[in-house]
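For reference, run28.txt is printed below; it contains compact mmCIF, C-alpha atoms and all ligand atoms.
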# COMPACT_ATOMS: atom_id res chain seq x y z
CA MET A 1 -8.61 -41.89 83.51
CA GLU A 2 -4.96 -42.73 83.10
CA TYR A 3 -3.40 -39.72 81.43
CA ARG A 4 -0.85 -40.48 78.71
CA PHE A 5 1.46 -37.49 79.15
CA SER A 6 4.13 -36.65 76.58
CA GLU A 7 7.68 -37.84 77.25
CA ARG A 8 8.60 -34.17 77.52
CA MET A 9 6.26 -33.51 80.46
CA LYS A 10 5.99 -36.90 82.11
CA ASN A 11 8.73 -36.55 84.69
CA LEU A 12 8.79 -32.79 84.91
CA ARG A 13 7.81 -31.18 88.20
CA GLY A 14 6.93 -27.52 88.75
CA ASN A 15 9.94 -25.49 89.72
CA SER A 16 10.54 -25.38 93.43
CA ILE A 17 10.21 -21.62 93.72
CA ARG A 18 6.60 -21.81 92.62
CA GLU A 19 6.11 -24.53 95.24
CA ILE A 20 7.75 -22.37 97.89
CA PHE A 21 5.45 -19.49 96.97
CA LYS A 22 2.55 -21.65 98.12
CA LEU A 23 4.31 -22.24 101.45
CA VAL A 24 5.06 -18.59 102.05
CA GLU A 25 1.69 -17.14 101.13
CA SER A 26 1.02 -16.50 104.80
CA PRO A 27 1.90 -12.90 105.72
CA GLU A 28 3.56 -14.11 108.93
CA VAL A 29 6.33 -15.81 106.96
CA ILE A 30 9.34 -13.56 106.35
CA SER A 31 10.07 -14.40 102.76
CA PHE A 32 13.49 -14.02 101.19
CA ALA A 33 12.34 -16.55 98.58
CA GLY A 34 10.81 -14.71 95.62
CA GLY A 35 12.30 -12.33 93.09
CA MET A 36 9.52 -9.82 93.21
CA PRO A 37 10.00 -6.09 92.88
CA ALA A 38 9.20 -4.12 96.05
CA SER A 39 5.44 -3.54 96.23
CA GLU A 40 6.01 0.09 97.26
CA CYS A 41 7.85 0.62 93.93
CA LEU A 42 4.99 -0.60 91.72
CA PRO A 43 3.69 2.41 89.73
CA LEU A 44 -0.03 2.16 90.46
CA ASP A 45 -0.93 5.80 89.68
CA ALA A 46 0.95 6.04 86.38
CA TYR A 47 -0.41 2.63 85.34
CA ARG A 48 -3.96 3.74 86.05
CA THR A 49 -3.51 7.08 84.24
CA TYR A 50 -1.98 5.51 81.13
CA THR A 51 -4.63 2.79 80.98
CA ASP A 52 -7.43 5.35 81.33
CA GLU A 53 -5.94 7.62 78.68
CA LEU A 54 -5.32 4.76 76.28
CA LEU A 55 -8.84 3.41 76.65
CA SER A 56 -10.34 6.89 76.23
CA GLY A 57 -8.21 7.78 73.20
CA GLU A 58 -9.15 7.58 69.53
CA ASN A 59 -7.25 4.29 69.03
CA ALA A 60 -8.92 2.60 71.98
CA LEU A 61 -10.76 -0.02 69.94
CA SER A 62 -7.59 -1.16 68.19
CA LEU A 63 -6.14 -1.94 71.64
CA LEU A 64 -8.94 -4.47 72.13
CA GLN A 65 -8.40 -6.14 68.76
CA TYR A 66 -5.95 -8.81 67.61
CA GLY A 67 -2.54 -7.34 66.84
CA ALA A 68 0.69 -8.26 65.05
CA THR A 69 2.74 -11.10 66.55
CA GLU A 70 5.92 -8.98 66.34
CA GLY A 71 4.34 -6.54 68.78
CA TYR A 72 2.68 -3.14 68.99
CA ARG A 73 4.61 -0.98 66.53
CA PRO A 74 4.98 2.11 68.76
CA LEU A 75 6.40 -0.09 71.53
CA ARG A 76 8.85 -1.78 69.15
CA GLU A 77 10.05 1.67 68.12
CA ALA A 78 10.31 2.84 71.72
CA VAL A 79 12.26 -0.30 72.69
CA ALA A 80 14.68 0.15 69.76
CA LYS A 81 15.35 3.70 70.95
CA HIS A 82 15.65 2.56 74.58
CA VAL A 83 18.27 -0.12 73.85
CA GLY A 84 20.00 2.31 71.47
CA GLY A 85 20.65 4.45 74.55
CA MET A 86 22.45 1.44 76.05
CA GLY A 87 24.74 1.03 73.04
CA ILE A 88 22.73 -1.65 71.20
CA LYS A 89 22.06 -0.71 67.58
CA ALA A 90 18.52 -1.71 66.64
CA SER A 91 15.52 -0.60 64.62
CA ALA A 92 11.91 -1.64 65.27
CA GLU A 93 12.46 -4.57 62.87
CA ASN A 94 15.06 -5.99 65.25
CA VAL A 95 12.54 -6.10 68.11
CA LEU A 96 10.07 -8.84 69.03
CA ILE A 97 7.79 -8.06 71.96
CA VAL A 98 7.35 -11.08 74.24
CA SER A 99 5.10 -11.93 77.17
CA GLY A 100 7.91 -11.56 79.72
CA ALA A 101 11.55 -12.63 79.48
CA GLN A 102 10.44 -16.12 80.42
CA GLN A 103 8.73 -16.45 77.05
CA GLY A 104 11.86 -15.08 75.38
CA ILE A 105 13.91 -17.92 76.86
CA ASP A 106 11.31 -20.45 75.78
CA LEU A 107 11.15 -19.11 72.20
CA CYS A 108 14.91 -19.03 71.81
CA TYR A 109 15.23 -22.63 73.01
CA LYS A 110 12.32 -23.64 70.79
CA LEU A 111 14.15 -22.15 67.83
CA PHE A 112 17.48 -23.87 68.39
CA LEU A 113 17.27 -26.90 70.64
CA ASN A 114 16.42 -30.39 69.47
CA GLU A 115 16.08 -33.25 71.89
CA GLY A 116 19.55 -34.11 73.24
CA ASP A 117 21.16 -30.83 72.10
CA VAL A 118 23.56 -29.19 74.51
CA LEU A 119 22.95 -25.80 76.04
CA LEU A 120 25.72 -24.16 78.08
CA VAL A 121 24.84 -22.15 81.18
CA GLU A 122 26.85 -20.47 83.90
CA ASP A 123 26.79 -22.66 87.00
CA PRO A 124 24.67 -21.65 88.90
CA THR A 125 22.06 -19.95 86.71
CA TYR A 126 18.42 -18.83 86.63
CA LEU A 127 16.51 -21.98 87.48
CA ALA A 128 13.78 -21.47 84.87
CA ALA A 129 16.48 -21.50 82.16
CA LEU A 130 17.23 -25.06 83.31
CA HIS A 131 13.58 -25.97 83.70
CA ILE A 132 12.65 -24.78 80.19
CA ALA A 133 15.57 -26.77 78.74
CA LYS A 134 13.98 -29.90 80.22
CA THR A 135 10.72 -29.21 78.39
CA TYR A 136 12.70 -29.43 75.11
CA ARG A 137 14.62 -32.44 76.41
CA ALA A 138 17.84 -30.52 75.85
CA ARG A 139 20.91 -31.09 78.02
CA ALA A 140 22.05 -28.10 80.10
CA ILE A 141 25.76 -28.23 80.97
CA GLY A 142 27.19 -25.88 83.59
CA VAL A 143 30.27 -23.74 83.03
CA ARG A 144 32.36 -22.66 86.06
CA SER A 145 31.66 -19.26 87.51
CA GLU A 146 34.15 -16.73 88.92
CA ALA A 147 33.69 -13.48 90.86
CA ASP A 148 33.37 -11.57 87.56
CA GLY A 149 31.07 -14.05 85.85
CA ILE A 150 31.49 -17.13 83.71
CA ASP A 151 34.98 -18.65 83.45
CA ILE A 152 36.11 -18.01 79.87
CA VAL A 153 38.68 -20.82 79.81
CA ASP A 154 36.14 -23.40 80.96
CA LEU A 155 33.65 -21.93 78.49
CA GLU A 156 35.96 -22.44 75.53
CA GLU A 157 36.82 -25.95 76.66
CA LYS A 158 33.13 -26.86 76.96
CA ILE A 159 32.32 -25.29 73.59
CA ARG A 160 35.04 -27.45 72.02
CA THR A 161 33.92 -30.59 73.84
CA HIS A 162 30.15 -30.30 73.53
CA ARG A 163 29.64 -28.16 70.40
CA PRO A 164 26.61 -26.41 71.95
CA LYS A 165 24.21 -24.42 69.83
CA LEU A 166 23.36 -22.03 72.62
CA LEU A 167 24.91 -20.24 75.59
CA TYR A 168 22.51 -18.75 78.14
CA LEU A 169 23.81 -15.95 80.36
CA VAL A 170 22.51 -13.34 82.80
CA PRO A 171 25.18 -10.62 82.49
CA ASN A 172 24.06 -8.19 85.22
CA PHE A 173 23.41 -9.05 88.89
CA SER A 174 22.69 -12.62 88.00
CA ASN A 175 19.87 -14.59 89.46
CA PRO A 176 20.88 -16.31 91.79
CA THR A 177 24.43 -15.06 92.45
CA GLY A 178 24.13 -11.27 92.05
CA LYS A 179 27.38 -11.41 90.02
CA THR A 180 28.12 -9.12 87.08
CA LEU A 181 30.08 -10.18 84.03
CA SER A 182 33.16 -7.99 83.45
CA GLU A 183 33.42 -5.85 80.32
CA GLU A 184 36.50 -7.75 79.21
CA LYS A 185 34.61 -11.04 79.35
CA ARG A 186 31.61 -9.59 77.49
CA ARG A 187 33.90 -8.63 74.64
CA ALA A 188 35.64 -12.01 74.73
CA ILE A 189 32.34 -13.95 74.76
CA ALA A 190 31.02 -12.06 71.72
CA LYS A 191 34.22 -12.90 69.83
CA MET A 192 34.53 -16.52 70.96
CA THR A 193 30.92 -17.49 70.33
CA ALA A 194 31.02 -15.88 66.87
CA GLU A 195 34.12 -17.93 66.02
CA TYR A 196 32.55 -21.19 67.17
CA GLY A 197 29.09 -20.42 65.75
CA VAL A 198 27.30 -20.44 69.11
CA ILE A 199 24.16 -18.35 69.73
CA VAL A 200 24.24 -16.30 72.94
CA LEU A 201 21.00 -15.63 74.77
CA GLU A 202 21.80 -12.58 76.90
CA ASP A 203 19.01 -12.40 79.48
CA ASP A 204 19.19 -8.98 81.13
CA PRO A 205 16.13 -8.15 83.26
CA TYR A 206 18.11 -6.50 86.09
CA ARG A 207 20.35 -4.02 84.24
CA ALA A 208 18.50 -0.90 85.38
CA LEU A 209 18.64 -1.95 89.05
CA ARG A 210 22.27 -0.91 89.65
CA TYR A 211 23.01 0.55 93.09
CA SER A 212 26.74 1.15 92.74
CA GLY A 213 29.42 1.12 90.03
CA ARG A 214 28.92 2.02 86.37
CA HIS A 215 26.75 0.45 83.67
CA LEU A 216 28.63 -1.92 81.37
CA PRO A 217 27.99 -2.41 77.66
CA ALA A 218 25.90 -5.46 76.82
CA ILE A 219 27.46 -8.50 75.10
CA LYS A 220 25.11 -7.55 72.28
CA HIS A 221 27.01 -4.26 71.97
CA PHE A 222 30.08 -6.26 70.86
CA ASP A 223 28.10 -8.53 68.52
CA GLN A 224 29.59 -8.36 65.00
CA SER A 225 28.10 -11.61 63.68
CA GLU A 226 24.44 -11.35 64.68
CA ASN A 227 24.79 -14.36 66.96
CA VAL A 228 23.67 -12.57 70.14
CA VAL A 229 20.01 -12.40 71.15
CA TYR A 230 19.43 -9.70 73.76
CA LEU A 231 16.46 -10.19 76.07
CA THR A 232 15.04 -7.52 78.33
CA SER A 233 11.93 -7.25 80.48
CA PHE A 234 9.83 -4.61 82.19
CA SER A 235 8.89 -7.01 85.01
CA LYS A 236 11.39 -5.63 87.51
CA THR A 237 11.09 -1.98 86.50
CA ILE A 238 7.36 -1.49 85.77
CA SER A 239 5.36 -4.55 86.84
CA PRO A 240 5.78 -8.33 86.52
CA ALA A 241 2.02 -8.76 86.09
CA MET A 242 2.12 -6.65 82.93
CA ARG A 243 4.04 -9.53 81.23
CA VAL A 244 5.96 -7.46 78.69
CA GLY A 245 9.54 -8.04 77.60
CA ALA A 246 11.48 -7.67 74.35
CA MET A 247 14.00 -9.61 72.28
CA ILE A 248 16.55 -7.78 70.16
CA ALA A 249 18.18 -9.77 67.38
CA SER A 250 18.93 -9.87 63.65
CA ARG A 251 15.94 -9.59 61.33
CA THR A 252 16.35 -13.23 60.32
CA LEU A 253 16.17 -14.40 63.92
CA ILE A 254 13.27 -12.07 64.74
CA ALA A 255 11.32 -13.52 61.79
CA LYS A 256 11.91 -17.08 63.05
CA LEU A 257 11.16 -16.23 66.67
CA THR A 258 7.94 -14.55 65.49
CA VAL A 259 6.79 -17.80 63.89
CA GLY A 260 7.47 -19.58 67.19
CA LYS A 261 5.56 -16.97 69.17
CA GLN A 262 2.62 -17.05 66.79
CA ALA A 263 2.18 -20.72 67.58
CA THR A 264 2.33 -20.00 71.30
CA ASP A 265 0.15 -17.00 72.08
CA VAL A 266 -0.48 -15.05 68.83
CA HIS A 267 0.78 -11.84 70.44
CA THR A 268 1.44 -10.20 73.80
CA ALA A 269 -1.59 -8.39 75.30
CA THR A 270 -1.86 -5.14 73.35
CA LEU A 271 -3.07 -3.00 76.22
CA SER A 272 -0.03 -4.07 78.30
CA GLN A 273 2.23 -3.22 75.37
CA ALA A 274 0.63 0.19 74.95
CA VAL A 275 1.04 0.93 78.66
CA ALA A 276 4.73 -0.09 78.47
CA MET A 277 5.11 2.19 75.44
CA ARG A 278 3.75 5.14 77.44
CA PHE A 279 6.17 4.45 80.31
CA LEU A 280 9.06 4.54 77.85
CA ARG A 281 7.90 7.43 75.73
CA GLU A 282 7.02 9.76 78.62
CA GLY A 283 10.30 9.10 80.44
CA GLU A 284 8.28 7.60 83.30
CA LEU A 285 10.31 4.38 83.23
CA GLU A 286 13.51 6.29 83.94
CA ARG A 287 11.86 8.34 86.68
CA ARG A 288 10.45 5.22 88.34
CA VAL A 289 13.80 3.46 88.24
CA GLU A 290 15.54 6.53 89.69
CA ALA A 291 12.98 6.62 92.50
CA SER A 292 13.24 2.90 93.26
CA LEU A 293 17.06 2.64 93.37
CA PRO A 294 17.42 4.18 96.87
CA VAL A 295 14.68 1.85 98.17
CA TYR A 296 16.47 -1.25 96.88
CA ARG A 297 19.93 -0.02 97.89
CA PHE A 298 18.66 0.59 101.43
CA LYS A 299 17.20 -2.91 101.65
CA ARG A 300 20.30 -4.55 100.18
CA ASP A 301 22.48 -2.71 102.68
CA ALA A 302 20.15 -3.63 105.55
CA MET A 303 20.40 -7.31 104.64
CA LEU A 304 24.19 -7.23 104.24
CA LYS A 305 24.56 -5.42 107.56
CA ALA A 306 22.37 -7.97 109.32
CA MET A 307 24.25 -10.86 107.68
CA ARG A 308 27.59 -9.43 108.86
CA ARG A 309 26.15 -9.07 112.34
CA TYR A 310 24.25 -12.34 112.79
CA PHE A 311 25.76 -14.93 110.43
CA PRO A 312 28.70 -17.05 111.61
CA LYS A 313 32.04 -16.12 110.08
CA GLU A 314 32.04 -19.34 108.03
CA ALA A 315 29.16 -17.98 105.92
CA GLU A 316 30.52 -16.51 102.68
CA PHE A 317 28.77 -13.88 100.62
CA ALA A 318 29.61 -10.97 98.35
CA GLU A 319 27.97 -7.57 97.95
CA PRO A 320 25.98 -7.45 94.70
CA GLU A 321 26.17 -4.12 92.84
CA GLY A 322 22.53 -4.41 91.85
CA GLY A 323 19.62 -6.77 91.26
CA LEU A 324 17.52 -8.42 93.93
CA PHE A 325 19.61 -11.23 95.41
CA ILE A 326 22.41 -12.11 97.81
CA TRP A 327 24.01 -15.51 97.29
CA CYS A 328 25.49 -17.10 100.37
CA LYS A 329 27.55 -20.20 101.12
CA VAL A 330 26.43 -21.61 104.45
CA PRO A 331 28.22 -24.06 106.77
CA MET A 332 25.40 -26.65 106.69
CA PRO A 333 23.22 -28.34 104.04
CA ALA A 334 20.78 -25.72 102.72
CA ARG A 335 17.79 -28.12 102.77
CA GLU A 336 18.27 -28.75 106.49
CA LEU A 337 18.51 -25.03 107.14
CA PHE A 338 15.40 -24.47 105.00
CA LEU A 339 13.30 -26.93 107.01
CA GLN A 340 14.40 -25.42 110.31
CA ALA A 341 13.93 -21.86 109.02
CA ILE A 342 10.45 -22.44 107.61
CA SER A 343 9.33 -23.85 110.96
CA GLN A 344 10.41 -20.53 112.45
CA GLY A 345 8.65 -18.51 109.75
CA VAL A 346 11.57 -17.63 107.43
CA ALA A 347 11.86 -18.72 103.79
CA PHE A 348 14.59 -18.62 101.14
CA VAL A 349 15.53 -20.70 98.10
CA CYS A 350 18.06 -23.55 98.30
CA GLY A 351 21.05 -23.21 95.99
CA SER A 352 20.92 -26.64 94.38
CA ASP A 353 17.90 -25.61 92.28
CA PHE A 354 20.16 -23.32 90.28
CA PHE A 355 22.85 -25.78 89.29
CA ALA A 356 22.72 -27.72 86.03
CA ASP A 357 23.55 -30.95 87.86
CA GLY A 358 21.74 -30.19 91.14
CA LYS A 359 24.90 -29.76 93.23
CA GLY A 360 25.40 -26.60 95.32
CA GLU A 361 23.71 -27.93 98.45
CA GLN A 362 25.73 -25.47 100.58
CA TYR A 363 24.26 -22.37 99.00
CA ILE A 364 21.18 -20.28 99.65
CA ARG A 365 19.64 -17.41 97.67
CA LEU A 366 18.28 -14.51 99.67
CA ASN A 367 15.99 -11.90 98.13
CA PHE A 368 16.02 -8.50 99.81
CA SER A 369 13.47 -6.52 97.81
CA ASN A 370 10.18 -7.62 99.19
CA GLU A 371 10.37 -7.27 102.98
CA SER A 372 10.67 -4.22 105.23
CA VAL A 373 14.09 -3.53 106.76
CA ASP A 374 12.76 -4.51 110.18
CA ARG A 375 11.64 -7.89 108.90
CA ILE A 376 14.90 -8.30 106.99
CA GLU A 377 16.83 -7.84 110.24
CA GLN A 378 14.47 -10.18 112.12
CA GLY A 379 14.64 -12.91 109.45
CA ILE A 380 18.42 -12.75 109.11
CA ARG A 381 18.79 -12.94 112.90
CA ILE A 382 16.69 -16.15 112.92
CA LEU A 383 18.80 -17.64 110.10
CA GLY A 384 21.99 -16.57 111.90
CA ASP A 385 20.88 -18.27 115.13
CA LEU A 386 20.13 -21.49 113.24
CA LEU A 387 23.48 -21.37 111.45
CA LYS A 388 25.36 -20.87 114.70
CA ARG A 389 23.73 -23.84 116.43
C1 LIG B 1 17.19 -14.01 85.00
C2 LIG B 1 15.72 -13.96 84.81
N1 LIG B 1 15.22 -14.13 83.57
C3 LIG B 1 13.90 -14.09 83.35
C4 LIG B 1 13.00 -13.88 84.36
C5 LIG B 1 11.54 -13.88 84.05
O1 LIG B 1 11.11 -12.57 83.90
P1 LIG B 1 9.72 -12.14 83.26
O2 LIG B 1 8.84 -11.74 84.38
O3 LIG B 1 10.09 -10.98 82.38
O4 LIG B 1 9.19 -13.28 82.49
C6 LIG B 1 13.46 -13.71 85.67
C7 LIG B 1 12.52 -13.52 86.77
O5 LIG B 1 12.81 -13.58 87.93
C8 LIG B 1 14.87 -13.74 85.89
O6 LIG B 1 15.39 -13.60 87.11
Spell out the structure here as structure tokens.
Ligand SMILES: Cc1ncc(COP(=O)(O)O)c(C=O)c1O
Amino acid sequence: MEYRFSERMKNLRGNSIREIFKLVESPEVISFAGGMPASECLPLDAYRTYTDELLSGENALSLLQYGATEGYRPLREAVAKHVGGMGIKASAENVLIVSGAQQGIDLCYKLFLNEGDVLLVEDPTYLAALHIAKTYRARAIGVRSEADGIDIVDLEEKIRTHRPKLLYLVPNFSNPTGKTLSEEKRRAIAKMTAEYGVIVLEDDPYRALRYSGRHLPAIKHFDQSENVVYLTSFSKTISPAMRVGAMIASRTLIAKLTVGKQATDVHTATLSQAVAMRFLREGELERRVEASLPVYRFKRDAMLKAMRRYFPKEAEFAEPEGGLFIWCKVPMPARELFLQAISQGVAFVCGSDFFADGKGEQYIRLNFSNESVDRIEQGIRILGDLLKR
């Protein structure tokens, strides 16, 4: 059978991280490749207790029925309260529960992007944000990045030149760079995008994972024109397998996004939503985050220490204040380093996957959350030896 794939899918390959996952399945490989939360931080006991209680409670049967596309009402209320605590004004009507932030990105693109439309992204950015754009045959254009996030001058220039409908940003501890957008720029972006009529998709799955410095207000906090869509996820703070995230936006946008979601998956799994609601309502989410911060901080510091010790001085990297990644400029092509490293049992992700135009061949993304400190030291020493050759 010769399959007649759609134009949209014909030349699209799976993203390279998923491919790397297949390579690094073996437990011998020291993997700095994924973006997974630390296994020791996954809340198995609380998850089991909440699931048992929910399935033994008087509303158990309703958890096994079809539900509203907008999401499980008690979770929508809990999310509105949760983001309220971060300075984002919202009621349950401003919340759409999604099956992970990934679906939120997809729905937002689906709502705004026609074939050929321009989407602006910080260069580099989360690779799935680029990958999803391809499925809509939209054109992602990269905006320069500085130490404190996207370059505002370049952003305005590219808004004027390309008249994009959408700007996609990861404001806190960005994937892949670990950078955080300054408060000044958040304010400026809210103002500028409102003036030019650009929608901002503020994708913020890492906010809670801050190991130093103070929390900054979201871009959404400065949103006066209802042009900012805030996207959060419980993947990094409860469990990625739960597949629960939330979008916060104007009622008009939530209504439209709901139509898009209905066509995709009817609604997010109700039992997962109810479990997430319990984590929020009982304060367990906060307690879990508090307990996991020292674990992540310790691992981040172990990786930075090993990089300072074993990497050649030409390697450039900054200390991320949170999140799961260290972004590093290396003095050789990343692909070459990857091939040598994988043959010695160490994996990471090459930087070029995160750039809108595929450049960035001198960068690598290192994840520090999912290996023990001993293996972090061992893996970084191997990479350091290869880089020094
Ligand atoms: C910036 C960013 N957005 C979205 C996602 C997807 O998250 P979720 O598991 O909530 O779909 C990730 C996952 O790594 C991410 O890094």
### Within-10 Å residues of ligand LIG 1 (chain B), basis all atoms listed in the file, as a ChimeraX atom specification
/A:34-37,98-105,125-129,168-176,202-206,231-237,239-246,323-325
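For stretch 375-379 of chain A, the list of residues within 7 Å, based on all atoms listed in the file and with local chain neighbours fewer than 3 positions off taken out, reads Ile30, Met303, Ala306, Val346, Glu371, Ser372, Ile382 and Leu383 of chain A.
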#### Entry: Distance in Å - atom CA of A:Asp151 versus atom CA of A:Tyr109
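These atoms are spaced 22.7 Å apart.
Closest approach to A:Gly87 among A:Pro217, A:Pro320, A:Gly345, A:Gly384: A:Pro217, based on all atoms listed in the file.
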## Note on the structure
Atom pair atom CA of A:Tyr47 + atom CA of A:Ala276, distance 9.0 Å
Name the residues in contact with A:Gln340 at a cut-off of 12 Å, using only C-alpha atoms, excluding same-chain residues fewer than 2 positions from it; report them as a compact mmCIF listing (two decimals) with C-alpha atoms, in the frame of the given file.
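Result file follows (part13.txt):
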# COMPACT_ATOMS: atom_id res chain seq x y z
CA MET A 332 25.40 -26.65 106.69
CA PRO A 333 23.22 -28.34 104.04
CA ALA A 334 20.78 -25.72 102.72
CA ARG A 335 17.79 -28.12 102.77
CA GLU A 336 18.27 -28.75 106.49
CA LEU A 337 18.51 -25.03 107.14
CA PHE A 338 15.40 -24.47 105.00
CA ILE A 342 10.45 -22.44 107.61
CA SER A 343 9.33 -23.85 110.96
CA GLN A 344 10.41 -20.53 112.45
CA GLY A 345 8.65 -18.51 109.75
CA VAL A 346 11.57 -17.63 107.43
CA ALA A 347 11.86 -18.72 103.79
CA PHE A 348 14.59 -18.62 101.14
CA ILE A 382 16.69 -16.15 112.92
CA LEU A 383 18.80 -17.64 110.10
CA GLY A 384 21.99 -16.57 111.90
CA ASP A 385 20.88 -18.27 115.13
CA LEU A 386 20.13 -21.49 113.24
CA LEU A 387 23.48 -21.37 111.45
CA ARG A 389 23.73 -23.84 116.43
### Task
Rank nothing, just name the residue among A:Lys305, A:Arg210, A:Arg288, A:Arg160 nearest to A:Gly197, using only C-alpha atoms.
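With only C-alpha atoms as the atom set, the closest residue is A:Arg160.
Comparing the minimum interatomic distances between A:Arg8 and each of A:Lys134, A:Arg281, A:Arg48, A:Lys388, counting only C-alpha atoms, we find that A:Lys134 sits nearest.
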### Task
Tell me which protein, DNA and RNA residues are within 12 Å of stretch 58-61 of chain A, counting only C-alpha atoms, leaving out same-chain ones fewer than 6 positions away, and put them as a PyMOL selection string.
chain A and resi 50-52+67+270-271+274
